[in-house]
>>> print(open('work.txt').read())   # compact mmCIF, C-alpha atoms
# COMPACT_ATOMS: atom_id res chain seq x y z
CA MET C 1 -98.48 5.51 -51.72
CA TYR C 2 -98.20 1.75 -52.19
CA ASP C 3 -99.46 -0.80 -49.71
CA ILE C 4 -96.29 -2.82 -50.10
CA ALA C 5 -92.96 -2.25 -51.82
CA ILE C 6 -90.66 -5.18 -52.57
CA ILE C 7 -86.93 -4.64 -53.00
CA GLY C 8 -85.45 -7.35 -55.20
CA CYS C 9 -86.69 -8.85 -58.48
CA GLY C 10 -85.34 -12.36 -57.99
CA PRO C 11 -87.29 -15.58 -57.37
CA ILE C 12 -88.47 -14.53 -53.89
CA GLY C 13 -89.17 -10.87 -54.65
CA SER C 14 -91.12 -11.70 -57.80
CA GLY C 15 -93.01 -14.39 -55.89
CA ALA C 16 -93.88 -11.89 -53.19
CA ALA C 17 -95.11 -9.44 -55.81
CA ARG C 18 -97.33 -12.11 -57.36
CA HIS C 19 -98.92 -12.99 -54.05
CA ALA C 20 -99.24 -9.42 -52.73
CA SER C 21 -100.92 -8.15 -55.90
CA ARG C 22 -103.12 -11.25 -56.04
CA ALA C 23 -104.34 -10.38 -52.54
CA GLY C 24 -105.36 -6.91 -53.71
CA GLN C 25 -102.38 -5.04 -52.25
CA HIS C 26 -101.22 -1.98 -54.20
CA THR C 27 -97.78 -3.38 -54.96
CA CYS C 28 -94.48 -2.06 -56.26
CA ILE C 29 -91.45 -4.25 -56.95
CA ILE C 30 -88.04 -2.67 -57.53
CA GLY C 31 -84.89 -4.12 -59.06
CA PRO C 32 -82.55 -3.55 -61.99
CA HIS C 33 -82.44 -5.24 -65.36
CA GLU C 34 -79.77 -7.92 -65.69
CA GLN C 35 -76.40 -6.26 -66.09
CA ALA C 36 -73.22 -7.46 -67.80
CA ARG C 37 -71.22 -9.49 -65.30
CA ALA C 38 -67.95 -7.70 -66.10
CA SER C 39 -69.35 -4.26 -65.23
CA HIS C 40 -72.29 -5.00 -62.90
CA GLN C 41 -73.27 -3.12 -59.75
CA VAL C 42 -75.86 -5.66 -58.62
CA TRP C 43 -75.84 -9.28 -59.73
CA SER C 44 -78.09 -12.25 -59.08
CA SER C 45 -77.42 -15.97 -59.18
CA HIS C 46 -80.77 -16.47 -60.93
CA TYR C 47 -79.21 -15.03 -64.10
CA ASP C 48 -78.99 -18.57 -65.38
CA SER C 49 -80.93 -21.14 -67.40
CA GLY C 50 -80.98 -24.10 -65.03
CA ARG C 51 -81.82 -24.60 -61.36
CA LEU C 52 -82.70 -27.97 -59.88
CA THR C 53 -86.19 -28.42 -58.49
CA HIS C 54 -86.90 -31.45 -56.32
CA ARG C 55 -88.39 -32.66 -53.07
CA SER C 56 -85.12 -34.02 -51.65
CA ALA C 57 -83.79 -31.66 -49.00
CA ARG C 58 -81.52 -31.30 -45.99
CA ASN C 59 -84.49 -30.61 -43.71
CA ILE C 60 -88.24 -31.06 -43.83
CA GLN C 61 -89.08 -27.34 -44.03
CA LEU C 62 -87.14 -26.89 -47.25
CA ALA C 63 -88.82 -30.00 -48.64
CA LEU C 64 -92.31 -28.79 -47.75
CA TRP C 65 -91.70 -25.43 -49.44
CA ALA C 66 -90.29 -27.17 -52.51
CA ASN C 67 -93.28 -29.49 -52.72
CA GLU C 68 -95.70 -26.56 -52.50
CA ALA C 69 -93.74 -24.64 -55.13
CA LEU C 70 -93.73 -27.58 -57.54
CA SER C 71 -97.51 -27.77 -57.32
CA ALA C 72 -97.85 -24.08 -58.31
CA TYR C 73 -95.64 -24.06 -61.41
CA ALA C 74 -98.38 -25.04 -63.86
CA GLU C 75 -100.68 -22.26 -62.66
CA ILE C 76 -97.94 -19.63 -62.99
CA GLU C 77 -97.00 -20.89 -66.45
CA GLN C 78 -100.63 -20.87 -67.59
CA GLN C 79 -101.42 -17.39 -66.29
CA SER C 80 -98.21 -15.80 -67.58
CA GLY C 81 -97.93 -17.75 -70.83
CA ILE C 82 -94.26 -18.39 -70.01
CA SER C 83 -92.90 -21.92 -69.66
CA PHE C 84 -90.03 -22.45 -67.23
CA HIS C 85 -90.36 -25.96 -65.74
CA VAL C 86 -89.00 -29.26 -67.11
CA ALA C 87 -90.17 -32.33 -65.16
CA CYS C 88 -87.26 -34.66 -65.99
CA GLY C 89 -86.95 -35.95 -62.40
CA THR C 90 -83.98 -35.73 -60.03
CA LEU C 91 -81.56 -38.59 -59.38
CA SER C 92 -79.44 -38.69 -56.22
CA ILE C 93 -76.41 -41.00 -56.28
CA SER C 94 -73.94 -41.99 -53.59
CA ARG C 95 -71.90 -44.88 -52.30
CA ASP C 96 -73.93 -44.55 -49.10
CA LEU C 97 -77.21 -42.67 -49.52
CA ARG C 98 -77.89 -42.82 -45.77
CA ASN C 99 -75.08 -40.34 -45.17
CA PHE C 100 -75.76 -38.06 -48.15
CA ARG C 101 -77.28 -34.92 -46.70
CA TYR C 102 -79.93 -34.61 -49.42
CA THR C 103 -81.27 -38.12 -48.83
CA ALA C 104 -80.53 -38.74 -45.15
CA ILE C 105 -84.13 -37.90 -44.12
CA ARG C 106 -85.68 -40.00 -46.88
CA ASP C 107 -88.24 -41.74 -44.63
CA GLU C 108 -89.50 -38.45 -43.23
CA LEU C 109 -89.73 -36.90 -46.70
CA GLU C 110 -91.77 -39.79 -48.10
CA THR C 111 -94.12 -39.74 -45.10
CA GLN C 112 -94.63 -35.97 -44.95
CA LEU C 113 -94.84 -35.35 -48.70
CA GLY C 114 -96.69 -38.51 -49.72
CA PHE C 115 -94.45 -39.80 -52.49
CA ARG C 116 -92.02 -42.69 -52.94
CA TYR C 117 -88.50 -42.66 -54.33
CA GLU C 118 -87.50 -45.25 -56.90
CA ASP C 119 -84.43 -47.24 -55.83
CA PHE C 120 -81.51 -48.27 -58.03
CA THR C 121 -78.63 -50.65 -57.46
CA PRO C 122 -75.29 -49.97 -59.18
CA THR C 123 -76.40 -52.27 -61.99
CA SER C 124 -80.01 -51.10 -62.45
CA LEU C 125 -78.83 -47.48 -62.25
CA ILE C 126 -76.81 -47.87 -65.46
CA THR C 127 -79.61 -49.79 -67.15
CA ARG C 128 -82.07 -46.95 -66.50
CA PHE C 129 -79.60 -44.11 -67.10
CA PRO C 130 -77.13 -45.45 -69.69
CA MET C 131 -75.38 -42.10 -70.10
CA LEU C 132 -73.71 -42.74 -66.71
CA ASN C 133 -70.33 -44.40 -66.30
CA PRO C 134 -70.98 -48.18 -65.98
CA SER C 135 -68.12 -48.42 -63.45
CA LEU C 136 -69.49 -45.84 -60.98
CA GLY C 137 -70.48 -48.40 -58.36
CA MET C 138 -73.04 -46.05 -56.82
CA THR C 139 -76.61 -46.62 -55.71
CA GLY C 140 -79.35 -44.13 -56.47
CA ILE C 141 -82.81 -42.93 -55.60
CA TYR C 142 -84.96 -41.14 -58.15
CA ASP C 143 -87.50 -38.42 -57.39
CA GLY C 144 -89.62 -38.39 -60.54
CA ALA C 145 -91.90 -35.76 -62.03
CA PRO C 146 -92.66 -33.02 -61.16
CA SER C 147 -89.05 -32.78 -59.98
CA GLY C 148 -86.49 -31.77 -62.59
CA TYR C 149 -85.29 -28.23 -63.25
CA VAL C 150 -86.51 -24.70 -63.86
CA ASP C 151 -85.18 -21.89 -66.02
CA PRO C 152 -84.84 -19.27 -63.25
CA ARG C 153 -84.79 -16.29 -65.60
CA ALA C 154 -88.03 -17.47 -67.19
CA MET C 155 -89.57 -18.31 -63.82
CA VAL C 156 -88.90 -14.80 -62.52
CA ARG C 157 -90.24 -13.32 -65.75
CA ALA C 158 -93.40 -15.41 -65.37
CA GLN C 159 -93.95 -14.34 -61.76
CA LEU C 160 -93.41 -10.68 -62.63
CA THR C 161 -95.83 -11.01 -65.55
CA CYS C 162 -98.49 -12.42 -63.23
CA ALA C 163 -97.88 -9.62 -60.73
CA GLN C 164 -98.18 -6.93 -63.40
CA GLN C 165 -101.36 -8.52 -64.76
CA GLN C 166 -102.73 -8.17 -61.24
CA GLY C 167 -101.84 -4.46 -61.06
CA ALA C 168 -98.32 -4.47 -59.61
CA THR C 169 -95.87 -1.78 -60.71
CA LEU C 170 -92.39 -2.88 -61.79
CA VAL C 171 -89.62 -0.30 -61.30
CA ARG C 172 -86.32 -1.18 -62.99
CA ASP C 173 -83.86 0.61 -60.72
CA ILE C 174 -81.38 -0.03 -57.88
CA VAL C 175 -82.50 0.87 -54.37
CA THR C 176 -79.87 2.92 -52.56
CA GLN C 177 -81.70 3.75 -49.34
CA LEU C 178 -84.59 2.44 -47.27
CA ILE C 179 -85.85 4.81 -44.58
CA PRO C 180 -88.49 3.39 -42.22
CA HIS C 181 -90.92 5.64 -40.37
CA ASP C 182 -93.61 4.85 -37.83
CA ASP C 183 -96.38 4.64 -40.41
CA HIS C 184 -94.61 4.09 -43.76
CA VAL C 185 -91.26 3.61 -45.51
CA VAL C 186 -89.42 5.81 -47.97
CA ILE C 187 -87.31 4.20 -50.67
CA GLN C 188 -84.70 6.10 -52.68
CA THR C 189 -83.33 4.74 -55.95
CA GLN C 190 -80.17 5.29 -57.92
CA ASP C 191 -82.03 7.17 -60.66
CA GLY C 192 -83.49 9.60 -58.12
CA GLN C 193 -86.95 8.11 -57.66
CA THR C 194 -88.69 8.31 -54.29
CA ILE C 195 -91.16 5.54 -53.52
CA ARG C 196 -93.40 5.44 -50.45
CA ALA C 197 -95.20 2.42 -49.10
CA ALA C 198 -96.95 1.29 -45.94
CA HIS C 199 -94.71 -1.80 -45.78
CA ALA C 200 -91.51 -3.02 -47.40
CA ILE C 201 -90.06 -6.46 -48.06
CA VAL C 202 -86.31 -6.71 -48.61
CA ALA C 203 -85.52 -9.74 -50.77
CA ALA C 204 -82.26 -8.64 -52.36
CA GLY C 205 -80.19 -11.74 -51.66
CA ALA C 206 -76.56 -11.07 -50.77
CA TYR C 207 -77.11 -7.36 -51.31
CA SER C 208 -79.74 -7.02 -48.56
CA GLY C 209 -77.09 -6.48 -45.89
CA LEU C 210 -74.26 -5.17 -48.06
CA PHE C 211 -76.35 -2.23 -49.35
CA GLY C 212 -77.45 -1.21 -45.84
CA LEU C 213 -81.11 -1.97 -46.54
CA LEU C 214 -81.84 -3.78 -43.25
CA PRO C 215 -82.82 -1.47 -40.35
CA THR C 216 -81.70 -4.25 -37.99
CA PRO C 217 -78.99 -6.72 -39.10
CA VAL C 218 -80.09 -10.31 -39.71
CA PRO C 219 -77.40 -12.96 -39.05
CA HIS C 220 -76.25 -14.62 -42.27
CA THR C 221 -73.13 -15.36 -44.27
CA ILE C 222 -72.34 -14.91 -47.96
CA LYS C 223 -70.36 -17.72 -49.58
CA THR C 224 -68.79 -17.97 -53.01
CA GLU C 225 -69.49 -20.98 -55.19
CA THR C 226 -68.24 -22.08 -58.59
CA VAL C 227 -70.25 -23.57 -61.44
CA VAL C 228 -68.84 -25.22 -64.57
CA LEU C 229 -70.68 -25.39 -67.90
CA GLY C 230 -69.74 -28.35 -70.07
CA GLU C 231 -70.56 -27.57 -73.70
CA ILE C 232 -71.95 -30.31 -75.94
CA SER C 233 -73.38 -30.33 -79.44
CA ALA C 234 -77.09 -30.16 -80.21
CA ASP C 235 -76.88 -33.69 -81.59
CA THR C 236 -75.34 -34.95 -78.34
CA ALA C 237 -78.06 -33.17 -76.37
CA THR C 238 -80.66 -35.05 -78.39
CA THR C 239 -79.09 -38.38 -77.47
CA LEU C 240 -79.29 -37.40 -73.77
CA ALA C 241 -83.03 -36.66 -73.84
CA GLY C 242 -83.71 -39.07 -70.95
CA MET C 243 -81.14 -37.57 -68.60
CA PRO C 244 -82.43 -36.34 -65.21
CA SER C 245 -81.18 -33.57 -62.98
CA MET C 246 -78.74 -35.05 -60.50
CA MET C 247 -77.25 -34.65 -57.05
CA VAL C 248 -73.95 -36.44 -56.54
CA ASP C 249 -72.26 -37.42 -53.29
CA CYS C 250 -68.81 -37.13 -54.83
CA VAL C 251 -65.53 -38.20 -53.24
CA SER C 252 -62.91 -35.49 -53.75
CA ASP C 253 -60.32 -33.48 -51.85
CA VAL C 254 -61.61 -30.31 -53.52
CA ILE C 255 -65.40 -30.46 -54.09
CA SER C 256 -68.47 -31.94 -52.40
CA ASP C 257 -72.26 -32.08 -52.71
CA ALA C 258 -72.28 -31.69 -56.48
CA TYR C 259 -75.44 -31.08 -58.50
CA LEU C 260 -76.00 -30.96 -62.23
CA THR C 261 -78.61 -30.41 -64.90
CA PRO C 262 -79.31 -32.33 -68.09
CA PRO C 263 -78.38 -30.51 -71.33
CA ILE C 264 -79.94 -27.04 -71.55
CA CYS C 265 -79.82 -24.60 -74.44
CA TYR C 266 -78.52 -21.30 -73.03
CA PRO C 267 -79.18 -17.80 -74.44
CA ASP C 268 -75.95 -17.98 -76.47
CA GLY C 269 -77.53 -20.81 -78.47
CA LYS C 270 -75.11 -23.42 -77.10
CA TRP C 271 -75.98 -26.56 -75.17
CA TYR C 272 -74.46 -27.07 -71.71
CA ILE C 273 -74.54 -29.54 -68.86
CA LYS C 274 -74.20 -27.41 -65.75
CA LEU C 275 -72.43 -28.70 -62.62
CA GLY C 276 -72.00 -26.87 -59.33
CA SER C 277 -70.65 -27.86 -55.94
CA ASN C 278 -69.24 -26.76 -52.65
CA SER C 279 -65.47 -26.45 -52.57
CA VAL C 280 -62.64 -26.19 -50.06
CA HIS C 281 -61.68 -22.97 -51.88
CA ASP C 282 -65.01 -21.23 -51.30
CA VAL C 283 -64.66 -18.04 -49.27
CA PHE C 284 -67.02 -15.96 -47.17
CA VAL C 285 -67.69 -12.46 -48.49
CA GLU C 286 -67.81 -9.56 -46.04
CA SER C 287 -68.06 -6.42 -48.20
CA LEU C 288 -69.71 -5.14 -51.36
CA PRO C 289 -66.40 -4.58 -53.24
CA GLN C 290 -65.32 -8.12 -52.37
CA LEU C 291 -68.57 -9.54 -53.74
CA GLN C 292 -68.39 -7.43 -56.90
CA GLN C 293 -64.80 -8.54 -57.48
CA TRP C 294 -65.77 -12.22 -57.13
CA ILE C 295 -68.61 -11.89 -59.63
CA ARG C 296 -66.46 -10.09 -62.18
CA ASN C 297 -63.61 -12.57 -62.10
CA ASP C 298 -63.46 -16.13 -63.38
CA ALA C 299 -63.52 -18.96 -60.86
CA MET C 300 -60.52 -20.75 -59.36
CA PRO C 301 -58.71 -23.14 -61.70
CA THR C 302 -58.40 -25.83 -59.00
CA VAL C 303 -62.18 -25.93 -58.52
CA HIS C 304 -62.71 -25.85 -62.29
CA GLY C 305 -60.39 -28.82 -62.73
CA ALA C 306 -62.12 -30.90 -60.06
CA GLN C 307 -65.57 -30.17 -61.49
CA VAL C 308 -64.49 -31.01 -65.03
CA ALA C 309 -62.93 -34.24 -63.74
CA LEU C 310 -66.23 -35.19 -62.08
CA LEU C 311 -68.20 -34.56 -65.28
CA ARG C 312 -65.78 -36.74 -67.22
CA GLU C 313 -65.97 -39.44 -64.54
CA LEU C 314 -69.77 -39.45 -64.57
CA PHE C 315 -70.13 -39.30 -68.37
CA PRO C 316 -67.01 -40.73 -70.04
CA ALA C 317 -68.83 -41.32 -73.33
CA ILE C 318 -70.06 -37.73 -73.75
CA PRO C 319 -67.90 -35.79 -76.28
CA PHE C 320 -67.63 -32.45 -74.48
CA ILE C 321 -66.62 -29.54 -76.70
CA GLY C 322 -65.21 -27.43 -73.88
CA PHE C 323 -65.75 -26.12 -70.37
CA LYS C 324 -66.10 -22.70 -68.75
CA SER C 325 -66.50 -21.61 -65.15
CA VAL C 326 -69.06 -19.15 -63.81
CA PRO C 327 -69.07 -17.60 -60.32
CA CYS C 328 -72.08 -17.99 -58.07
CA VAL C 329 -73.03 -16.67 -54.61
CA ILE C 330 -74.97 -18.30 -51.77
CA THR C 331 -76.37 -16.72 -48.61
CA ARG C 332 -76.61 -18.96 -45.56
CA SER C 333 -78.63 -18.62 -42.37
CA PRO C 334 -77.64 -20.20 -39.02
CA SER C 335 -80.69 -22.48 -39.11
CA GLY C 336 -80.26 -23.66 -42.71
CA VAL C 337 -83.74 -22.28 -43.49
CA PRO C 338 -84.46 -18.80 -44.89
CA GLN C 339 -85.16 -16.23 -42.20
CA ILE C 340 -88.30 -14.15 -42.69
CA VAL C 341 -87.71 -11.45 -40.10
CA ARG C 342 -89.33 -8.17 -39.11
CA THR C 343 -86.35 -5.80 -38.92
CA HIS C 344 -88.69 -2.87 -38.26
CA THR C 345 -92.44 -2.58 -37.74
CA ARG C 346 -92.66 -1.61 -41.42
CA VAL C 347 -89.85 -3.73 -42.90
CA THR C 348 -89.66 -7.50 -43.39
CA ALA C 349 -86.49 -9.15 -44.66
CA VAL C 350 -85.93 -12.53 -46.30
CA VAL C 351 -82.34 -13.62 -45.74
CA GLY C 352 -80.44 -16.87 -46.21
CA CYS C 353 -81.61 -19.00 -49.12
CA ASN C 354 -78.89 -21.57 -48.34
CA GLY C 355 -78.37 -22.49 -51.98
CA ALA C 356 -81.72 -24.24 -52.15
CA LEU C 357 -84.53 -21.73 -52.62
CA ALA C 358 -84.58 -20.52 -56.23
CA LYS C 359 -87.08 -23.29 -56.99
CA SER C 360 -89.26 -22.28 -54.03
CA GLY C 361 -89.07 -18.51 -54.41
CA ASP C 362 -92.78 -18.09 -55.09
CA VAL C 363 -93.72 -19.89 -51.87
CA VAL C 364 -91.13 -18.09 -49.73
CA GLY C 365 -92.36 -14.82 -51.23
CA LYS C 366 -95.91 -15.71 -50.20
CA HIS C 367 -94.80 -16.28 -46.59
CA ALA C 368 -92.88 -12.99 -46.63
CA VAL C 369 -96.05 -11.14 -47.67
CA THR C 370 -98.03 -12.84 -44.91
CA ALA C 371 -95.40 -11.89 -42.32
CA SER C 372 -95.19 -8.32 -43.59
CA LEU C 373 -98.93 -7.71 -43.33
CA ALA C 374 -99.50 -9.59 -40.06
>>> encode(input="work.txt", output="structure tokens")
Amino acid sequence: MYDIAIIGCGPIGSGAARHASRAGQHTCIIGPHEQARASHQVWSSHYDSGRLTHRSARNIQLALWANEALSAYAEIEQQSGISFHVACGTLSISRDLRNFRYTAIRDELETQLGFRYEDFTPTSLITRFPMLNPSLGMTGIYDGAPSGYVDPRAMVRAQLTCAQQQGATLVRDIVTQLIPHDDHVVIQTQDGQTIRAAHAIVAAGAYSGLFGLLPTPVPHTIKTETVVLGEISADTATTLAGMPSMMVDCVSDVISDAYLTPPICYPDGKWYIKLGSNSVHDVFVESLPQLQQWIRNDAMPTVHGAQVALLRELFPAIPFIGFKSVPCVITRSPSGVPQIVRTHTRVTAVVGCNGALAKSGDVVGKHAVTASLA
């Protein structure tokens, strides 16, 4: 029997496995290999090559977790031998940064985290980042290294590698049932495996509630989101070597709170600038079939058009080859901070990443382990 079993092989689950095994716990982590989107049963938004990592945040707790996570990347990369972090910095731009939700608590962030943003006027912004439209008329603040972006697939692979080096067992399967008892839990998988553990952590993202894995429901919502990938040539990517990750307080009837990465080479060998955002067309998912249908289908053309228009507005000189949309999913908690909740004396759940925790998964996983064993 394991000391602790972790359901979910995403950023938080793999982080929990790293910390549990490092603490000497006999650890098992369970989750499927990445499946084809068109025929998946379980999908994860970390099946991607770019996630922003930065200290800017909507509240101080998210910022503190992000800051702690950033400081641990080098250790994880060194132990695993897998690189996943690019410290290109993160630029936030707006016509009024005081009202942009990622920069509204700037003073508190700088005081609590001990760093200083670099300020830019509309003119100095274009001088420093010449790839931007010279007519934007926006001001900016720059959160330099170690902020930037991570490759979430590689980050998860690195965390799982560390966990396995420390004795953790990785089971590539889908959990279909979690049965808590007074002194242990029983986990059943799709392939017929039975796994027993003294404690369980459920870190299965949107599937935590939809698969019936929570002995007691944890309040959260599941929201759709759309991402657009703007393809560029390798030569164009080379010319954009100084481009940071960005958060954009855009003015649009369709999208808001946009974020984007610098050019990244994806597994298909093509270079993309990725842009995501909230949208007035986002919907809240209430069932597993509804979620599976969203993931399998392409995103809404209205959202796609607005996101493409923003990319062209920001970078009018970039010769984009083409654009494609990709669906994404976000879980939200009432507090805006992930809930680490005991749903049974033997089961701890992590619910509600609020679209901001892929970068901090290792740290949130650590706190989940602490709560589970308390």
>>> atom_distance(input="work.txt", atom1="CA of Gly144 (chain C)", atom2="CA of Glu110 (chain C)")
12.7 Å
>>> closest_residue(input="work.txt", among="C:Gln159, C:Thr370, C:Gln292, C:Thr239", to="Pro11 (chain C)", atoms="all atoms listed in the file")
C:Gln159
>>> residues_around(input="work.txt", residues="region 268-271 of chain C", least_positions_apart="2", cutoff="10 Å", atoms="all atoms listed in the file", output="ChimeraX atom specification")
/C:229-237,262-266,273-274,321
>>> closest_residue(input="work.txt", among="C:Leu132, C:Ile82, C:Leu97, C:Cys250", to="Thr161 (chain C)", atoms="all atoms listed in the file")
C:Ile82
>>> closest_residue(input="work.txt", among="C:Tyr207, C:Tyr47, C:Phe315, C:Phe129", to="Ala241 (chain C)", atoms="all atoms listed in the file")
C:Phe129
>>> residues_near_point(input="work.txt", point="(-68.7, -16.1, -46.2)", cutoff="12 Å", atoms="all atoms listed in the file", output="number ranges by chain")
C: 206, 219-225, 281-287, 290-291, 294, 329-333, 352, 354
>>> atom_distance(input="work.txt", atom1="CA of Tyr259 (chain C)", atom2="CA of Val363 (chain C)")
22.4 Å
>>> residues_around(input="work.txt", residues="region 146-151 of chain C", least_positions_apart="3", cutoff="8 Å", atoms="all atoms listed in the file", output="list of chain:residue names")
C:Asp48, C:Ser49, C:Gly50, C:Arg51, C:Leu52, C:Thr53, C:His54, C:Arg55, C:Leu70, C:Phe84, C:His85, C:Val86, C:Ala87, C:Cys88, C:Gly89, C:Thr90, C:Asp143, C:Ala154, C:Met155, C:Pro244, C:Ser245, C:Thr261, C:Lys359
>>> residues_around(input="work.txt", residues="Ile141 (chain C)", least_positions_apart="2", cutoff="8 Å", atoms="all atoms listed in the file", output="list of chain:residue names")
C:Leu91, C:Ser92, C:Ile93, C:Tyr117, C:Glu118, C:Asp119, C:Phe120, C:Thr139, C:Asp143
>>> closest_residue(input="work.txt", among="C:Pro180, C:Pro215, C:Pro334, C:Gly276", to="His199 (chain C)", atoms="all atoms listed in the file")
C:Pro180
>>> closest_residue(input="work.txt", among="C:His33, C:Ile255, C:Phe115, C:Ile126", to="Ala145 (chain C)", atoms="only C-alpha atoms")
C:Phe115
>>> atom_distance(input="work.txt", atom1="CA of Gln307 (chain C)", atom2="CA of Ser94 (chain C)")
16.5 Å
>>> closest_residue(input="work.txt", among="C:Leu64, C:Ala163, C:Leu275, C:Ile6", to="Arg312 (chain C)", atoms="all atoms listed in the file")
C:Leu275
>>> residues_around(input="work.txt", residues="Ala198 (chain C)", least_positions_apart="2", cutoff="10 Å", atoms="only C-alpha atoms", output="PyMOL selection string")
chain C and resi 1-5+26+180-186+196+200+346-347+373
>>> residues_around(input="work.txt", residues="Lys366 (chain C)", least_positions_apart="3", cutoff="8 Å", atoms="all atoms listed in the file", output="compact mmCIF listing (two decimals) with C-alpha atoms, keeping the file's coordinate frame")
# COMPACT_ATOMS: atom_id res chain seq x y z
CA GLY C 15 -93.01 -14.39 -55.89
CA ALA C 16 -93.88 -11.89 -53.19
CA HIS C 19 -98.92 -12.99 -54.05
CA ALA C 20 -99.24 -9.42 -52.73
CA ASP C 362 -92.78 -18.09 -55.09
CA VAL C 363 -93.72 -19.89 -51.87
CA VAL C 369 -96.05 -11.14 -47.67
CA THR C 370 -98.03 -12.84 -44.91
>>> decode(input="work.txt", residues="region 114-130 of chain C", atoms="N, CA and C atoms", output="mmCIF file, in the first residue's frame")
data_model
loop_
_atom_site.group_PDB
_atom_site.id
_atom_site.type_symbol
_atom_site.label_atom_id
_atom_site.label_comp_id
_atom_site.auth_asym_id
_atom_site.auth_seq_id
_atom_site.Cartn_x
_atom_site.Cartn_y
_atom_site.Cartn_z
ATOM 1 N N GLY C 114 9.832 41.986 -3.149
ATOM 2 C CA GLY C 114 11.172 42.547 -3.157
ATOM 3 C C GLY C 114 11.779 42.738 -4.525
ATOM 4 N N PHE C 115 10.979 43.174 -5.505
ATOM 5 C CA PHE C 115 11.520 43.478 -6.817
ATOM 6 C C PHE C 115 10.895 44.779 -7.296
ATOM 7 N N ARG C 116 11.409 45.333 -8.374
ATOM 8 C CA ARG C 116 10.874 46.566 -8.940
ATOM 9 C C ARG C 116 10.567 46.374 -10.414
ATOM 10 N N TYR C 117 9.380 46.800 -10.824
ATOM 11 C CA TYR C 117 9.049 46.847 -12.240
ATOM 12 C C TYR C 117 9.863 47.935 -12.929
ATOM 13 N N GLU C 118 10.032 47.783 -14.233
ATOM 14 C CA GLU C 118 10.616 48.825 -15.059
ATOM 15 C C GLU C 118 9.482 49.505 -15.828
ATOM 16 N N ASP C 119 9.416 50.825 -15.757
ATOM 17 C CA ASP C 119 8.314 51.575 -16.351
ATOM 18 C C ASP C 119 8.634 52.033 -17.764
ATOM 19 N N PHE C 120 7.582 52.075 -18.604
ATOM 20 C CA PHE C 120 7.737 52.545 -19.980
ATOM 21 C C PHE C 120 6.604 53.493 -20.351
ATOM 22 N N THR C 121 6.964 54.585 -20.966
ATOM 23 C CA THR C 121 5.991 55.490 -21.571
ATOM 24 C C THR C 121 5.630 54.947 -22.947
ATOM 25 N N PRO C 122 4.604 55.504 -23.606
ATOM 26 C CA PRO C 122 4.293 55.043 -24.964
ATOM 27 C C PRO C 122 5.483 55.131 -25.916
ATOM 28 N N THR C 123 6.342 56.127 -25.709
ATOM 29 C CA THR C 123 7.496 56.285 -26.596
ATOM 30 C C THR C 123 8.618 55.313 -26.236
ATOM 31 N N SER C 124 8.989 55.249 -24.955
ATOM 32 C CA SER C 124 10.093 54.371 -24.553
ATOM 33 C C SER C 124 9.725 52.897 -24.713
ATOM 34 N N LEU C 125 8.424 52.593 -24.660
ATOM 35 C CA LEU C 125 7.966 51.212 -24.861
ATOM 36 C C LEU C 125 8.368 50.718 -26.249
ATOM 37 N N ILE C 126 8.157 51.549 -27.268
ATOM 38 C CA ILE C 126 8.468 51.143 -28.638
ATOM 39 C C ILE C 126 9.976 51.113 -28.863
ATOM 40 N N THR C 127 10.691 51.999 -28.187
ATOM 41 C CA THR C 127 12.151 51.991 -28.309
ATOM 42 C C THR C 127 12.725 50.687 -27.771
ATOM 43 N N ARG C 128 12.218 50.221 -26.630
ATOM 44 C CA ARG C 128 12.724 48.998 -26.014
ATOM 45 C C ARG C 128 12.202 47.754 -26.727
ATOM 46 N N PHE C 129 10.965 47.800 -27.183
ATOM 47 C CA PHE C 129 10.346 46.624 -27.816
ATOM 48 C C PHE C 129 9.855 47.031 -29.215
ATOM 49 N N PRO C 130 10.773 47.146 -30.167
ATOM 50 C CA PRO C 130 10.438 47.696 -31.488
ATOM 51 C C PRO C 130 9.512 46.818 -32.319
#
